[in-house]
>>> print(open('structure.txt').read())   # compact mmCIF, C-alpha atoms
# COMPACT_ATOMS: atom_id res chain seq x y z
CA MET A 1109 -19.39 -11.55 -5.68
CA SER A 1110 -16.92 -13.47 -7.82
CA GLU A 1111 -16.92 -17.23 -7.94
CA ASN A 1112 -13.77 -19.31 -8.11
CA THR A 1113 -14.42 -21.56 -11.08
CA SER A 1114 -10.92 -22.99 -11.36
CA PRO A 1115 -10.71 -26.72 -10.68
CA ILE A 1116 -9.02 -27.90 -7.51
CA SER A 1117 -5.55 -29.15 -8.28
CA PHE A 1118 -4.55 -31.83 -5.82
CA HIS A 1119 -1.09 -33.38 -6.03
CA ARG A 1120 1.10 -35.30 -3.62
CA ILE A 1121 3.74 -32.88 -2.36
CA ARG A 1122 7.40 -33.93 -2.27
CA GLU A 1123 8.56 -31.48 0.39
CA GLY A 1124 8.08 -32.85 3.90
CA ARG A 1125 6.79 -36.23 2.86
CA ILE A 1126 7.58 -39.34 4.86
CA LEU A 1127 5.93 -42.01 2.72
CA GLY A 1128 3.84 -41.00 -0.26
CA GLY A 1129 3.08 -37.37 0.48
CA VAL A 1130 -0.65 -37.92 1.04
CA CYS A 1131 -0.78 -36.49 4.58
CA THR A 1132 1.41 -33.54 3.61
CA SER A 1133 -0.86 -32.75 0.67
CA LEU A 1134 -4.03 -33.06 2.76
CA SER A 1135 -2.52 -30.80 5.41
CA ARG A 1136 -1.67 -28.12 2.88
CA GLN A 1137 -5.03 -28.39 1.15
CA PHE A 1138 -6.99 -27.91 4.39
CA GLY A 1139 -4.55 -25.66 6.25
CA VAL A 1140 -3.86 -28.15 9.06
CA ASP A 1141 -0.51 -29.00 10.63
CA VAL A 1142 0.91 -32.15 9.03
CA HIS A 1143 1.52 -33.72 12.43
CA VAL A 1144 -2.18 -33.47 13.23
CA THR A 1145 -3.04 -35.15 9.92
CA ARG A 1146 -0.58 -37.97 10.51
CA LEU A 1147 -1.80 -38.50 14.08
CA ALA A 1148 -5.40 -38.54 12.87
CA LEU A 1149 -4.52 -41.15 10.24
CA ALA A 1150 -2.80 -43.32 12.87
CA VAL A 1151 -5.76 -43.09 15.26
CA VAL A 1152 -8.29 -43.82 12.52
CA ALA A 1153 -6.16 -46.74 11.29
CA PHE A 1154 -6.07 -48.16 14.82
CA PHE A 1155 -9.83 -47.93 15.32
CA THR A 1156 -10.76 -49.17 11.85
CA GLY A 1157 -8.49 -52.18 11.86
CA GLY A 1158 -6.18 -50.71 9.25
CA THR A 1159 -8.85 -49.59 6.80
CA ALA A 1160 -7.36 -46.10 6.86
CA VAL A 1161 -4.07 -47.58 5.65
CA ALA A 1162 -5.88 -49.04 2.63
CA VAL A 1163 -7.42 -45.61 1.96
CA TYR A 1164 -3.94 -44.04 2.26
CA VAL A 1165 -2.52 -46.52 -0.27
CA ALA A 1166 -5.44 -45.88 -2.63
CA ALA A 1167 -4.84 -42.12 -2.36
CA TRP A 1168 -1.13 -42.66 -3.01
CA LEU A 1169 -1.98 -44.59 -6.18
CA LEU A 1170 -4.71 -42.22 -7.41
CA ILE A 1171 -3.36 -38.74 -6.60
CA PRO A 1172 -0.69 -37.52 -9.03
CA ASP A 1173 2.74 -36.63 -7.71
CA GLU A 1174 3.76 -32.98 -7.69
CA GLY A 1175 4.84 -31.96 -11.18
CA LYS A 1176 3.01 -34.83 -12.91
CA GLU A 1177 -0.32 -34.86 -14.68
CA THR A 1178 -1.12 -38.54 -14.12
CA SER A 1179 -1.20 -40.77 -11.06
CA ILE A 1180 0.73 -43.98 -10.46
CA ALA A 1181 -2.44 -45.97 -11.23
CA GLN A 1182 -3.00 -44.10 -14.50
CA ASP A 1183 0.64 -44.61 -15.49
CA LEU A 1184 0.28 -48.37 -14.88
CA ILE A 1185 -2.95 -48.49 -16.91
CA ASN A 1186 -1.35 -46.57 -19.78
CA LYS A 1187 1.70 -48.85 -19.71
CA SER A 1188 -0.49 -51.95 -19.76
CA GLN A 1189 -2.60 -50.63 -22.62
CA SER A 1190 0.50 -49.77 -24.60
CA LYS A 1191 1.89 -53.31 -24.13
CA HIS A 1192 -1.39 -54.85 -25.26
CA ALA A 1193 -1.54 -52.51 -28.26
CA ASP A 1194 2.01 -53.49 -29.25
CA LYS A 1195 1.17 -57.20 -28.99
CA PHE A 1196 -2.00 -56.66 -31.03
CA ASP A 1197 -0.10 -54.72 -33.70
CA LYS A 1198 2.52 -57.49 -33.96
CA HIS A 1199 -0.19 -60.16 -34.18
CA VAL A 1200 -2.12 -58.27 -36.88
CA ALA A 1201 1.05 -57.62 -38.88
CA HIS A 1202 1.69 -61.35 -39.30
>>> encode(input="structure.txt", output="structure tokens")
Amino acid sequence: MSENTSPISFHRIREGRILGGVCTSLSRQFGVDVHVTRLALAVVAFFTGGTAVAVYVAAWLLIPDEGKETSIAQDLINKSQSKHADKFDKHVAH
């Protein structure tokens, strides 16, 4: 019996997305119709007082977009670190 040792690659899919592509990606990953996933998110959001919306936004920020290696959150962190490094370099140079 062979084991699949390749890591799971999870990206937000562009095709068929309405907002961030999270529901479309989840649907493809688990083999469920995207409409079912979106309906489930809406129902869970209703019964949790919107907590599911916060989880959706977190997933949107943390899951890389299709064709990218880094997420929106990682891009923002890298940009911030680069700005701080530039300021530090300018300060040290003087």
>>> residues_near_point(input="structure.txt", point="(-4.3, -33.2, 4.3)", cutoff="12 Å", atoms="only C-alpha atoms", output="JSON, numbers by chain")
{"A": [1118, 1119, 1120, 1121, 1125, 1129, 1130, 1131, 1132, 1133, 1134, 1135, 1136, 1137, 1138, 1139, 1140, 1141, 1142, 1143, 1144, 1145, 1146, 1147, 1148, 1149, 1164, 1167]}
>>> atom_distance(input="structure.txt", atom1="CA of Asn1186 (chain A)", atom2="CA of Val1165 (chain A)")
19.5 Å
>>> atom_distance(input="structure.txt", atom1="CA of Ala1160 (chain A)", atom2="CA of Leu1127 (chain A)")
14.5 Å
>>> residues_near_point(input="structure.txt", point="(-7.7, -40.1, -6.5)", cutoff="10 Å", atoms="only C-alpha atoms", output="count of residues only")
11
>>> atom_distance(input="structure.txt", atom1="CA of Glu1123 (chain A)", atom2="CA of Glu1177 (chain A)")
17.8 Å
>>> axis_aligned_box(input="structure.txt", around="region 1137-1142 of chain A", padding_each_side="8 Å", output="AutoDock Vina command-line options")
--center_x -3.0 --center_y -28.9 --center_z 5.9 --size_x 23.9 --size_y 22.5 --size_z 25.5
